[in-house]
Every structure is written in C-alpha cells, then in structure tokens.
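The structure file upload-v2.csv is reproduced below (CSV, C-alpha atoms).
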chain,number,residue,atom,x,y,z
A,1,MET,CA,0.0,0.0,0.0
A,2,ASN,CA,1.3,3.5,-0.9
A,3,GLU,CA,1.3,5.6,2.2
A,4,LYS,CA,3.3,8.5,0.7
A,5,VAL,CA,2.3,11.8,2.3
A,6,THR,CA,0.6,14.1,-0.3
A,7,THR,CA,-1.0,16.5,2.2
A,8,THR,CA,-0.1,20.2,2.1
A,9,ILE,CA,-1.3,23.0,4.4
A,10,ASP,CA,-1.3,26.7,3.5
A,11,PRO,CA,0.0,28.4,6.6
A,12,ASP,CA,-1.5,31.7,5.6
A,13,LEU,CA,-5.0,30.2,5.5
A,14,CYS,CA,-4.7,27.9,8.6
A,15,VAL,CA,-6.5,29.3,11.6
A,16,GLY,CA,-5.1,26.8,14.1
A,17,CYS,CA,-8.4,25.2,15.0
A,18,GLY,CA,-6.7,21.8,15.3
A,19,GLN,CA,-9.7,19.9,13.8
A,20,CYS,CA,-7.5,18.2,11.1
A,21,VAL,CA,-5.1,16.9,13.7
A,22,ARG,CA,-7.9,15.5,15.8
A,23,VAL,CA,-9.5,13.5,12.9
A,24,CYS,CA,-6.2,12.3,11.2
A,25,PRO,CA,-6.1,8.5,11.6
A,26,SER,CA,-2.4,8.1,10.9
A,27,GLY,CA,-0.7,10.9,12.9
A,28,THR,CA,0.4,12.7,9.8
A,29,LEU,CA,-0.4,16.2,11.2
A,30,SER,CA,0.4,18.0,14.4
A,31,MET,CA,0.1,21.5,15.9
A,32,ARG,CA,3.2,23.6,15.8
A,33,ASP,CA,3.3,27.3,16.8
A,34,GLY,CA,-0.4,27.5,16.7
A,35,LYS,CA,-0.7,26.1,13.2
A,36,ALA,CA,-1.4,22.7,11.8
A,37,GLN,CA,1.7,21.2,10.0
A,38,VAL,CA,2.6,18.0,8.2
A,39,THR,CA,5.0,16.2,10.5
A,40,GLY,CA,4.4,12.5,9.8
A,41,ASP,CA,6.1,10.3,7.2
A,42,ARG,CA,3.0,8.3,6.3
A,43,SER,CA,-0.6,9.0,5.4
A,44,LEU,CA,-3.7,7.1,4.5
A,45,ASN,CA,-4.6,9.9,2.1
A,46,CYS,CA,-8.2,9.6,3.3
A,47,GLY,CA,-8.9,13.3,3.0
A,48,HIS,CA,-10.4,13.6,6.5
A,49,CYS,CA,-8.2,16.7,7.1
A,50,GLN,CA,-9.2,18.3,3.9
A,51,ALA,CA,-12.9,17.6,4.5
A,52,ILE,CA,-13.0,19.0,8.0
A,53,CYS,CA,-10.9,22.2,7.4
A,54,PRO,CA,-13.2,25.2,7.8
A,55,VAL,CA,-11.1,27.5,5.7
A,56,GLY,CA,-9.9,25.3,2.8
A,57,ALA,CA,-6.3,25.4,3.9
A,58,ILE,CA,-5.6,21.7,3.3
A,59,THR,CA,-5.0,19.8,0.0
A,60,VAL,CA,-4.5,16.0,-0.4
A,61,SER,CA,-3.1,15.7,-3.9
A,62,ALA,CA,-3.5,11.9,-4.0
A,63,ILE,CA,-7.3,12.4,-4.2
A,64,ASP,CA,-8.4,12.6,-7.9
A,65,GLU,CA,-11.1,15.2,-8.4
A,66,ALA,CA,-12.2,13.4,-11.6
A,67,MET,CA,-13.5,10.5,-9.5
A,68,SER,CA,-16.1,12.9,-8.1
A,69,GLN,CA,-17.3,14.1,-11.5
A,70,PHE,CA,-20.1,12.3,-13.1
A,71,VAL,CA,-21.6,12.4,-16.6
A,72,ASN,CA,-25.2,11.3,-16.1
A,73,PHE,CA,-26.2,13.4,-13.1
A,74,ARG,CA,-25.2,16.4,-11.1
A,75,THR,CA,-23.9,16.0,-7.5
A,76,ASP,CA,-24.1,18.2,-4.5
A,77,LYS,CA,-20.6,18.6,-3.2
A,78,ASN,CA,-21.7,19.9,0.2
A,79,TRP,CA,-21.1,17.4,3.0
A,80,LEU,CA,-24.3,15.7,4.2
A,81,GLY,CA,-24.4,16.0,8.0
A,82,TYR,CA,-25.2,13.2,10.4
A,83,GLY,CA,-28.9,12.7,10.5
A,84,ASP,CA,-29.5,15.0,7.5
A,85,PHE,CA,-30.9,12.3,5.2
A,86,ASP,CA,-34.3,10.7,5.0
A,87,THR,CA,-33.7,7.3,6.5
A,88,SER,CA,-37.0,6.0,5.2
A,89,GLN,CA,-36.0,6.8,1.6
A,90,LEU,CA,-32.7,5.1,2.1
A,91,VAL,CA,-34.4,2.0,3.3
A,92,ARG,CA,-36.9,2.2,0.5
A,93,LEU,CA,-34.0,2.2,-2.0
A,94,MET,CA,-32.3,-0.8,-0.4
A,95,ALA,CA,-35.5,-2.8,-0.1
A,96,SER,CA,-36.7,-2.0,-3.6
A,97,ARG,CA,-33.5,-3.2,-5.3
A,98,ARG,CA,-34.0,-6.8,-6.4
A,99,SER,CA,-31.9,-9.2,-8.4
A,100,CYS,CA,-32.9,-8.8,-12.0
A,101,ARG,CA,-33.0,-11.9,-14.2
A,102,ASN,CA,-34.9,-10.4,-17.2
A,103,PHE,CA,-33.0,-7.8,-19.1
A,104,GLN,CA,-33.9,-5.8,-22.2
A,105,ALA,CA,-31.5,-6.0,-25.1
A,106,ALA,CA,-30.8,-2.3,-25.1
A,107,PRO,CA,-27.1,-1.5,-24.4
A,108,VAL,CA,-25.9,0.5,-21.4
A,109,ASP,CA,-24.0,3.6,-22.3
A,110,ARG,CA,-20.3,3.4,-21.2
A,111,SER,CA,-20.6,6.7,-19.4
A,112,VAL,CA,-23.3,5.1,-17.1
A,113,LEU,CA,-21.0,2.1,-16.4
A,114,GLU,CA,-18.1,4.5,-15.6
A,115,ASP,CA,-20.3,6.5,-13.3
A,116,LEU,CA,-21.3,3.3,-11.5
A,117,VAL,CA,-17.6,2.5,-10.9
A,118,LYS,CA,-17.0,5.9,-9.5
A,119,ILE,CA,-19.9,5.4,-7.1
A,120,GLY,CA,-18.5,2.1,-6.1
A,121,CYS,CA,-15.3,3.8,-5.2
A,122,THR,CA,-17.1,6.0,-2.6
A,123,ALA,CA,-17.3,2.9,-0.4
A,124,PRO,CA,-14.9,2.5,2.6
A,125,SER,CA,-11.9,0.3,2.3
A,126,GLY,CA,-9.5,-1.3,4.8
A,127,THR,CA,-6.8,1.3,5.8
A,128,ASN,CA,-8.3,3.4,2.9
A,129,CYS,CA,-6.0,1.4,0.5
A,130,GLN,CA,-8.7,1.5,-2.3
A,131,LEU,CA,-7.0,-1.3,-4.2
A,132,TRP,CA,-10.2,-2.5,-5.8
A,133,THR,CA,-10.3,-2.8,-9.6
A,134,PHE,CA,-13.3,-2.8,-12.0
A,135,THR,CA,-13.3,-4.5,-15.4
A,136,ILE,CA,-16.2,-3.3,-17.6
A,137,LEU,CA,-17.7,-5.6,-20.2
A,138,PRO,CA,-19.8,-3.1,-22.1
A,139,THR,CA,-21.3,-5.3,-24.8
A,140,ARG,CA,-23.3,-8.4,-25.1
A,141,GLU,CA,-20.4,-9.9,-27.1
A,142,ALA,CA,-17.9,-9.3,-24.3
A,143,VAL,CA,-20.4,-10.7,-21.8
A,144,MET,CA,-20.8,-13.9,-23.8
A,145,ALA,CA,-17.1,-14.3,-24.3
A,146,LEU,CA,-16.7,-14.5,-20.6
A,147,GLY,CA,-19.8,-16.7,-20.4
A,148,LYS,CA,-18.4,-19.3,-22.7
A,149,GLY,CA,-15.3,-19.6,-20.6
A,150,ILE,CA,-17.4,-20.1,-17.5
A,151,LEU,CA,-19.6,-22.6,-19.2
A,152,ASN,CA,-16.5,-24.6,-20.2
A,153,PHE,CA,-15.5,-24.6,-16.5
A,154,TYR,CA,-18.8,-26.1,-15.5
A,155,VAL,CA,-18.6,-28.7,-18.2
A,156,LYS,CA,-15.3,-29.9,-16.8
A,157,LEU,CA,-16.5,-29.6,-13.2
A,158,ASN,CA,-19.7,-31.6,-13.9
A,159,ALA,CA,-17.6,-34.3,-15.5
A,160,MET,CA,-15.6,-34.6,-12.3
A,161,ALA,CA,-18.6,-34.5,-10.1
A,162,ARG,CA,-20.2,-37.4,-11.9
A,163,ASN,CA,-17.3,-39.6,-10.8
A,164,ARG,CA,-18.6,-41.1,-7.5
A,165,LEU,CA,-15.3,-42.6,-6.5
A,166,LEU,CA,-13.5,-39.3,-6.9
A,167,ARG,CA,-16.1,-37.6,-4.8
A,168,LEU,CA,-15.9,-40.2,-2.0
A,169,PHE,CA,-12.1,-40.1,-2.1
A,170,LEU,CA,-11.8,-36.4,-1.8
A,171,LYS,CA,-14.4,-36.4,1.0
A,172,SER,CA,-12.4,-39.0,2.9
A,173,ILE,CA,-9.3,-36.8,2.9
A,174,GLY,CA,-11.2,-33.8,4.2
A,175,LYS,CA,-12.1,-32.2,0.9
A,176,PRO,CA,-15.9,-32.4,0.7
A,177,GLU,CA,-16.4,-29.5,-1.8
A,178,LEU,CA,-16.9,-31.7,-4.9
A,179,ASP,CA,-19.4,-33.9,-3.1
A,180,SER,CA,-21.3,-30.8,-1.8
A,181,TYR,CA,-21.3,-29.3,-5.3
A,182,TYR,CA,-22.8,-32.6,-6.7
A,183,ARG,CA,-25.6,-32.6,-4.2
A,184,GLN,CA,-26.5,-28.9,-4.3
A,185,TYR,CA,-25.7,-27.7,-7.9
A,186,TYR,CA,-24.9,-30.5,-10.3
A,187,ALA,CA,-28.4,-31.2,-11.5
A,188,ASN,CA,-29.3,-27.6,-12.1
A,189,VAL,CA,-26.0,-26.8,-13.8
A,190,ARG,CA,-26.4,-29.8,-16.1
A,191,LYS,CA,-29.9,-28.7,-17.1
A,192,GLY,CA,-28.5,-25.1,-17.7
A,193,LEU,CA,-25.7,-26.5,-19.9
A,194,GLU,CA,-28.2,-28.6,-21.9
A,195,ASP,CA,-30.6,-25.7,-22.3
A,196,PHE,CA,-27.8,-23.4,-23.5
A,197,SER,CA,-26.5,-26.0,-25.9
A,198,ARG,CA,-30.0,-26.7,-27.3
A,199,THR,CA,-31.6,-23.2,-27.4
A,200,GLY,CA,-28.8,-20.7,-26.6
A,201,VAL,CA,-30.8,-19.4,-23.6
A,202,ASP,CA,-28.4,-17.5,-21.3
A,203,LEU,CA,-29.2,-18.7,-17.8
A,204,LEU,CA,-25.8,-17.4,-16.4
A,205,PHE,CA,-26.1,-13.7,-17.2
A,206,HIS,CA,-29.9,-13.7,-18.0
A,207,GLY,CA,-29.3,-11.8,-21.2
A,208,ALA,CA,-27.6,-8.8,-19.5
A,209,PRO,CA,-25.9,-6.5,-22.0
A,210,ALA,CA,-23.2,-5.4,-19.7
A,211,VAL,CA,-21.1,-6.7,-16.7
A,212,ILE,CA,-18.8,-5.1,-14.2
A,213,VAL,CA,-16.3,-7.5,-12.6
A,214,VAL,CA,-15.1,-6.3,-9.2
A,215,ALA,CA,-11.7,-7.5,-8.1
A,216,CYS,CA,-9.0,-6.4,-5.6
A,217,LYS,CA,-5.3,-6.4,-5.4
A,218,LYS,CA,-4.1,-9.3,-3.2
A,219,GLN,CA,-2.0,-7.0,-1.1
A,220,ALA,CA,-5.0,-5.0,0.1
A,221,THR,CA,-5.7,-5.1,3.8
A,222,LEU,CA,-9.2,-6.5,3.4
A,223,PRO,CA,-9.6,-7.3,-0.3
A,224,LYS,CA,-12.8,-9.3,-0.1
A,225,GLU,CA,-14.6,-6.8,2.1
A,226,ASP,CA,-13.4,-3.9,0.1
A,227,ALA,CA,-14.7,-5.4,-3.2
A,228,LEU,CA,-18.1,-6.3,-1.8
A,229,LEU,CA,-18.7,-3.0,-0.2
A,230,ALA,CA,-18.0,-1.3,-3.5
A,231,SER,CA,-20.3,-3.8,-5.2
A,232,GLN,CA,-23.2,-2.9,-2.9
A,233,ASN,CA,-22.7,0.7,-3.8
A,234,ILE,CA,-22.9,-0.2,-7.5
A,235,LEU,CA,-26.1,-2.3,-7.0
A,236,LEU,CA,-27.9,0.5,-5.2
A,237,ALA,CA,-26.8,3.2,-7.6
A,238,ALA,CA,-27.8,1.1,-10.6
A,239,HIS,CA,-31.3,0.9,-9.3
A,240,SER,CA,-31.5,4.6,-8.7
A,241,MET,CA,-30.3,5.2,-12.3
A,242,GLY,CA,-32.9,2.9,-13.9
A,243,LEU,CA,-30.9,-0.2,-14.3
A,244,GLY,CA,-31.5,-3.8,-13.1
A,245,SER,CA,-28.6,-5.6,-11.5
A,246,CYS,CA,-27.7,-9.1,-10.4
A,247,LEU,CA,-24.7,-10.6,-8.6
A,248,ILE,CA,-23.7,-13.6,-10.6
A,249,GLY,CA,-22.2,-16.0,-8.0
A,250,MET,CA,-22.0,-18.8,-10.5
A,251,ALA,CA,-19.6,-16.6,-12.5
A,252,ALA,CA,-17.6,-15.2,-9.6
A,253,GLU,CA,-16.7,-18.6,-8.1
A,254,PRO,CA,-15.2,-20.1,-11.2
A,255,MET,CA,-13.1,-17.0,-11.7
A,256,LYS,CA,-11.7,-17.4,-8.2
A,257,ARG,CA,-10.8,-21.1,-8.9
A,258,ASP,CA,-9.5,-20.8,-12.4
A,259,PRO,CA,-7.1,-17.8,-12.9
A,260,LYS,CA,-7.3,-18.3,-16.7
A,261,LEU,CA,-10.9,-17.1,-16.7
A,262,GLN,CA,-9.9,-13.7,-15.3
A,263,ILE,CA,-6.9,-13.4,-17.7
A,264,VAL,CA,-9.3,-13.7,-20.6
A,265,ILE,CA,-10.9,-10.4,-19.7
A,266,GLY,CA,-7.6,-8.7,-18.7
A,267,VAL,CA,-7.6,-9.1,-15.0
A,268,PRO,CA,-4.0,-9.8,-14.0
A,269,ASN,CA,-2.9,-12.5,-11.5
A,270,ASP,CA,-2.1,-10.1,-8.7
A,271,GLU,CA,-5.8,-9.4,-8.4
A,272,LYS,CA,-8.6,-11.7,-7.2
A,273,VAL,CA,-12.2,-11.5,-8.4
A,274,TYR,CA,-14.9,-11.2,-5.7
A,275,ALA,CA,-18.1,-10.1,-7.6
A,276,VAL,CA,-19.5,-10.2,-11.1
A,277,ILE,CA,-22.4,-7.8,-11.6
A,278,ALA,CA,-24.8,-8.2,-14.5
A,279,LEU,CA,-26.4,-4.9,-15.6
A,280,GLY,CA,-29.0,-3.7,-18.0
A,281,TYR,CA,-32.4,-2.1,-18.4
A,282,PRO,CA,-34.9,-4.4,-16.6
A,283,ASP,CA,-37.7,-6.2,-18.4
A,284,GLU,CA,-39.6,-6.6,-15.2
A,285,ASN,CA,-41.6,-4.3,-13.0
A,286,TYR,CA,-42.3,-5.1,-9.4
A,287,GLN,CA,-45.4,-3.8,-7.5
A,288,GLN,CA,-44.2,-4.0,-3.9
A,289,GLN,CA,-41.2,-4.8,-1.6
A,290,ALA,CA,-40.8,-8.4,-0.6
A,291,GLY,CA,-39.2,-8.1,2.9
A,292,ARG,CA,-36.7,-10.4,4.4
A,293,LYS,CA,-36.5,-13.6,6.5
A,294,GLN,CA,-36.1,-13.4,10.3
A,295,ALA,CA,-32.6,-12.4,11.2
A,296,ALA,CA,-30.5,-14.0,14.0
A,297,ILE,CA,-29.7,-11.1,16.4
A,298,ARG,CA,-27.6,-11.4,19.5
A,299,TYR,CA,-26.4,-9.1,22.3
A,300,PHE,CA,-23.3,-9.5,24.4
A,301,GLU,CA,-22.9,-7.4,27.5
A,302,SER,CA,-19.9,-8.0,29.7
Before anything else, please render the file you have as structure tokens.
Amino acid sequence: MNEKVTTTIDPDLCVGCGQCVRVCPSGTLSMRDGKAQVTGDRSLNCGHCQAICPVGAITVSAIDEAMSQFVNFRTDKNWLGYGDFDTSQLVRLMASRRSCRNFQAAPVDRSVLEDLVKIGCTAPSGTNCQLWTFTILPTREAVMALGKGILNFYVKLNAMARNRLLRLFLKSIGKPELDSYYRQYYANVRKGLEDFSRTGVDLLFHGAPAVIVVACKKQATLPKEDALLASQNILLAAHSMGLGSCLIGMAAEPMKRDPKLQIVIGVPNDEKVYAVIALGYPDENYQQQAGRKQAAIRYFES
C-alpha cells in the first residue's frame, strides 16, 4: 500500500483550530506554533483533514477530483451531515433493489457504467487502500465471451462431479467440496448447460448487455470486504439510475478457482475477483417490496 504523504497545508489560511489533527487516523499532522503542520512520514490519504478544514487550507493531492465528477447526473458537493438524510427513503431504495433476471437487449452507455464504478469507489476500504479494480464488459459480445469460458469450466466440473469414486475419495481426505457441489448444484447446472446447448438461452447472465467484474489487489488489507462494499454501492446506484442488476455468484466462483478465466478479460494474476455484476435495463416491474426472513440477532454485554 502506498502511504506516501501528499498532504499540504497553506499556513496563511490555517486558523489553528486543530480539527485536522484530531481526525487524522495516521498521525500525519500535528500542531506547531499555533498552526497545523505536516510532520508525519506516512498517510492514508483519506482526506479527513481536507474535508474538515473550515477555511480550505488543506489539500491532499492523492485524491483525484475526476473521481467525483459524473456524466449522467449532477452531484451536490456539500457534506451531508449526520442525520440530515431521510432514512425511510434510504431503506426504500435498499428494499426495492432486487436481483434482475430479465433484461432488455438495449445497451448500457459506457458513461453510465463508468459513473457506477466511481460510485463504487465511494465505499470504505481497509486502511483506505482503495486497491479494488473494476473491469467493464460493455457489450453483449464481451459478456458472452466470458460466459463461454465459464460454461466450459462447469462442463469440466460436472464431468468430475459425476465420478462417484472421486467424490468419495476427496471427501475421505477432508475435501468435501466436490461432493457438496454434486448434491447442491450438479443437476441444475447440467440442465442449464443442456438448455444453452439446445436453445442458446443464457441462464448465467440472464441476457444482460453489460457486466462489471469487481476485483481487488491481493496486497489489500481487506480485499474481499473492500470489493463487496464497492459492489453494494454499485447495486444500489444502478437501481437509482434505472438499471437492473444481479450478482452472478455462478460466474464469480469459477473466476476465483481458475485464474485463466480472469486473464481472458484482462484481470492480472495479482488481483482476485470477488463479484460479477450483471447490468442492463430491466424487463420486469415489481409492484411492492418483498421483505426479508427473520434475522439472527444477539447481544453480548460484559
């Protein structure tokens, strides 16, 4: 992770309030002679200091302003204070987003896909490393190129799963994954493969015209968590922009297990794929929210 200090403070503007020092998570700043100064040799480049400064005296040059500029909508750059948003509308958005499995053929403009990536990057990340990556498949042809590779993966996996002796042997040495796959997924995957071979019906991406593959550099502090937090941002934003979305676990898992699949779409070996998001204009229109199953909730009080 690059922790190079890129923070600068204009001493003529600084009023010495000390707020930047108080919120800095890495001890980069301190108060000297009544002014805030850069005294540390490492920084998360999180921008807390820049965001809290009341007079605009601080700049963090590692922050790319272009990542806060969008093509398809205008943003309000003013900070939204704690409690200043309608929680009921936030919950309404979260509860209304559903996994879409019926997409229109209409393509999604590249600027929309790029805006979604920028929105994904507003998510938190471990130690603010922001080492996630986003590979955009903007056309149906690109989506199906990945799909064919994943289908080949399942053809081979199903051939292995049919071997009862192999399943039992692996289970006996503490590797029950193939046997679990056979019991839970084999039959449905076989049917999906047969249907695709016979009719060309896409049961993997559900006809989506675009896909965003979310990966993360392996040296990230919390790569899986970072990628999935960014993915949730993309899912919610897609709904607000008129798009349907669906996390394709049956595509993400093969890409984790067979590095050649991610190489096909240009994802290098020093990254790991955690989410594959199908996107497109929905060909379905729900009438109400569906709710959720009962959650397991615990308290611990020492």
query: So which residues fall inside 10 Å of (1.5, 16.1, 12.7) if we count all atoms listed in the file? Mind giving them as a list of chain:residue names?
result: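 All residues meeting the 10 Å criterion around (1.5, 16.1, 12.7) are A:Cys20, A:Val21, A:Arg22, A:Cys24, A:Ser26, A:Gly27, A:Thr28, A:Leu29, A:Ser30, A:Met31, A:Arg32, A:Ala36, A:Gln37, A:Val38, A:Thr39, A:Gly40, A:Asp41.
Among A:Pro176, A:Pro11, A:Gly200, A:Gly56, the residue with the shortest atom-to-atom distance to Asp33 (chain A), counting only C-alpha atoms, is A:Pro11.
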task: Give as a PyMOL selection string the set of residues within 9 Å of the point (-20.6, -6.4, -22.4), where distances use the file's coordinates and all atoms listed in the file.
output: chain A and resi 107-108+136-145+208-212
query: Which of these, A:Lys156, A:Lys171, A:His206, A:Lys293, has the shortest distance to Pro254 (chain A) once you count all atoms listed in the file?
result: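 Closest to Pro254 (chain A) of all the choices is A:Lys156.
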task: Write out as a ChimeraX atom specification which residues come within 12 Å of Ser240 (chain A) when counting only C-alpha atoms, dropping same-chain ones fewer than 4 positions away.
output: /A:72-73,89-90,92-94,96-98,112,116,119,233-236,244-245,281
Suppose we keep C-alpha atoms; can you now write the selection as a short mmCIF file (atom, residue, chain, number, x, y, z; two decimals), keeping the file's coordinate frame?
data_model
loop_
_atom_site.label_atom_id
_atom_site.label_comp_id
_atom_site.auth_asym_id
_atom_site.auth_seq_id
_atom_site.Cartn_x
_atom_site.Cartn_y
_atom_site.Cartn_z
CA ASN A 72 -25.20 11.30 -16.10
CA PHE A 73 -26.20 13.40 -13.10
CA GLN A 89 -36.00 6.80 1.60
CA LEU A 90 -32.70 5.10 2.10
CA ARG A 92 -36.90 2.20 0.50
CA LEU A 93 -34.00 2.20 -2.00
CA MET A 94 -32.30 -0.80 -0.40
CA SER A 96 -36.70 -2.00 -3.60
CA ARG A 97 -33.50 -3.20 -5.30
CA ARG A 98 -34.00 -6.80 -6.40
CA VAL A 112 -23.30 5.10 -17.10
CA LEU A 116 -21.30 3.30 -11.50
CA ILE A 119 -19.90 5.40 -7.10
CA ASN A 233 -22.70 0.70 -3.80
CA ILE A 234 -22.90 -0.20 -7.50
CA LEU A 235 -26.10 -2.30 -7.00
CA LEU A 236 -27.90 0.50 -5.20
CA GLY A 244 -31.50 -3.80 -13.10
CA SER A 245 -28.60 -5.60 -11.50
CA TYR A 281 -32.40 -2.10 -18.40
#
message: My list of candidates is A:Ser180, A:Gln219, A:Thr133, A:Gln289. Which is closest to Ala275 (chain A) when distances are computed with all atoms listed in the file?
response: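 Counting all atoms listed in the file, the residue closest to Ala275 (chain A) is A:Thr133.
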- request: Have a look at A:Val117, A:Cys100, A:Cys49, A:Leu261 and name the one nearest to Gly147 (chain A); count all atoms listed in the file.
  value: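 Answer, going by the shortest atom-to-atom distance: A:Leu261.
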query: Suppose you want the space between CA of Arg74 (chain A) and CA of Thr122 (chain A); what is it in Å?
result: 15.7 Å
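Taking CA of Asn45 (chain A) and CA of Ala230 (chain A) as endpoints, the distance between them is 18.3 Å.
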task: Measure the distance from CA of Pro268 (chain A) to CA of Leu113 (chain A) in Å and round it to one decimal.
output: 20.9 Å
- prompt: Given the choices A:Gly126, A:Gly81, A:Pro223, A:Gly34, which gets closest to Ile52 (chain A) if the distance is worked out from all atoms listed in the file?
  reply: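 The closest residue to Ile52 (chain A) is A:Gly81.
Taking all atoms listed in the file into account, Leu243 (chain A) lies nearest to A:Ala278 out of the set A:Cys17, A:Leu80, A:Cys53, A:Ala278.
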message: Set the distance at 10 Å and use only C-alpha atoms: which residues neighbour Glu271 (chain A) once local chain neighbours fewer than 5 positions away are removed? I'd like the list as a PyMOL selection string.
response: chain A and resi 131-133+214-220+223+256+259+262
message: Could you list, as an MDAnalysis selection string, every residue within 10 Å of region 148-150 of chain A, counting only C-alpha atoms and ignoring same-chain residues fewer than 2 positions away?
response: chainID A and resid 143:146 152:155 204 250:255 258 260:262 264
message: If we count only C-alpha atoms and set the cut-off at 10 Å, which residues sit around Ala51 (chain A), ignoring sequence neighbours fewer than 3 positions away in its own chain? Please answer as a VMD selection string.
response: chain A and resid 20 23 46 to 48 54 56 58 to 60 79
Output of the above residues as a PDB file, keeping the file's coordinate frame, restricted to C-alpha atoms:
ATOM      1  CA  CYS A  20      -7.500  18.200  11.100  1.00  0.00           C
ATOM      2  CA  VAL A  23      -9.500  13.500  12.900  1.00  0.00           C
ATOM      3  CA  CYS A  46      -8.200   9.600   3.300  1.00  0.00           C
ATOM      4  CA  GLY A  47      -8.900  13.300   3.000  1.00  0.00           C
ATOM      5  CA  HIS A  48     -10.400  13.600   6.500  1.00  0.00           C
ATOM      6  CA  PRO A  54     -13.200  25.200   7.800  1.00  0.00           C
ATOM      7  CA  GLY A  56      -9.900  25.300   2.800  1.00  0.00           C
ATOM      8  CA  ILE A  58      -5.600  21.700   3.300  1.00  0.00           C
ATOM      9  CA  THR A  59      -5.000  19.800   0.000  1.00  0.00           C
ATOM     10  CA  VAL A  60      -4.500  16.000  -0.400  1.00  0.00           C
ATOM     11  CA  TRP A  79     -21.100  17.400   3.000  1.00  0.00           C
TER      12      TRP A  79
END
Atoms are missing here; could region 269-283 of chain A be completed with N, CA and C atoms and written as a PDB file, keeping the file's coordinate frame?
ATOM      1  N   ASN A 269      -2.937 -11.548 -12.602  1.00  0.00           N
ATOM      2  CA  ASN A 269      -2.900 -12.500 -11.500  1.00  0.00           C
ATOM      3  C   ASN A 269      -2.672 -11.959 -10.151  1.00  0.00           C
ATOM      4  N   ASP A 270      -2.253 -10.698 -10.052  1.00  0.00           N
ATOM      5  CA  ASP A 270      -2.100 -10.100  -8.700  1.00  0.00           C
ATOM      6  C   ASP A 270      -3.390  -9.543  -8.179  1.00  0.00           C
ATOM      7  N   GLU A 271      -4.496  -9.809  -8.875  1.00  0.00           N
ATOM      8  CA  GLU A 271      -5.800  -9.400  -8.400  1.00  0.00           C
ATOM      9  C   GLU A 271      -6.685 -10.683  -8.254  1.00  0.00           C
ATOM     10  N   LYS A 272      -7.698 -10.591  -7.402  1.00  0.00           N
ATOM     11  CA  LYS A 272      -8.600 -11.700  -7.200  1.00  0.00           C
ATOM     12  C   LYS A 272     -10.053 -11.162  -7.393  1.00  0.00           C
ATOM     13  N   VAL A 273     -10.844 -11.889  -8.145  1.00  0.00           N
ATOM     14  CA  VAL A 273     -12.200 -11.500  -8.400  1.00  0.00           C
ATOM     15  C   VAL A 273     -13.130 -11.869  -7.258  1.00  0.00           C
ATOM     16  N   TYR A 274     -13.986 -10.934  -6.842  1.00  0.00           N
ATOM     17  CA  TYR A 274     -14.900 -11.200  -5.700  1.00  0.00           C
ATOM     18  C   TYR A 274     -16.376 -11.018  -6.124  1.00  0.00           C
ATOM     19  N   ALA A 275     -16.654 -10.291  -7.198  1.00  0.00           N
ATOM     20  CA  ALA A 275     -18.100 -10.100  -7.600  1.00  0.00           C
ATOM     21  C   ALA A 275     -18.147  -9.880  -9.087  1.00  0.00           C
ATOM     22  N   VAL A 276     -19.200 -10.448  -9.670  1.00  0.00           N
ATOM     23  CA  VAL A 276     -19.500 -10.200 -11.100  1.00  0.00           C
ATOM     24  C   VAL A 276     -20.962  -9.711 -11.104  1.00  0.00           C
ATOM     25  N   ILE A 277     -21.118  -8.488 -11.610  1.00  0.00           N
ATOM     26  CA  ILE A 277     -22.400  -7.800 -11.600  1.00  0.00           C
ATOM     27  C   ILE A 277     -22.984  -7.671 -12.972  1.00  0.00           C
ATOM     28  N   ALA A 278     -24.110  -8.346 -13.220  1.00  0.00           N
ATOM     29  CA  ALA A 278     -24.800  -8.200 -14.500  1.00  0.00           C
ATOM     30  C   ALA A 278     -25.663  -6.926 -14.429  1.00  0.00           C
ATOM     31  N   LEU A 279     -25.653  -6.153 -15.527  1.00  0.00           N
ATOM     32  CA  LEU A 279     -26.400  -4.900 -15.600  1.00  0.00           C
ATOM     33  C   LEU A 279     -27.100  -4.685 -16.869  1.00  0.00           C
ATOM     34  N   GLY A 280     -28.219  -4.019 -16.812  1.00  0.00           N
ATOM     35  CA  GLY A 280     -29.000  -3.700 -18.000  1.00  0.00           C
ATOM     36  C   GLY A 280     -30.312  -3.091 -17.638  1.00  0.00           C
ATOM     37  N   TYR A 281     -31.052  -2.676 -18.648  1.00  0.00           N
ATOM     38  CA  TYR A 281     -32.400  -2.100 -18.400  1.00  0.00           C
ATOM     39  C   TYR A 281     -33.350  -3.270 -18.135  1.00  0.00           C
ATOM     40  N   PRO A 282     -34.088  -3.228 -17.028  1.00  0.00           N
ATOM     41  CA  PRO A 282     -34.900  -4.400 -16.600  1.00  0.00           C
ATOM     42  C   PRO A 282     -36.132  -4.583 -17.507  1.00  0.00           C
ATOM     43  N   ASP A 283     -36.460  -5.837 -17.731  1.00  0.00           N
ATOM     44  CA  ASP A 283     -37.700  -6.200 -18.400  1.00  0.00           C
ATOM     45  C   ASP A 283     -38.633  -6.838 -17.427  1.00  0.00           C
TER      46      ASP A 283
END
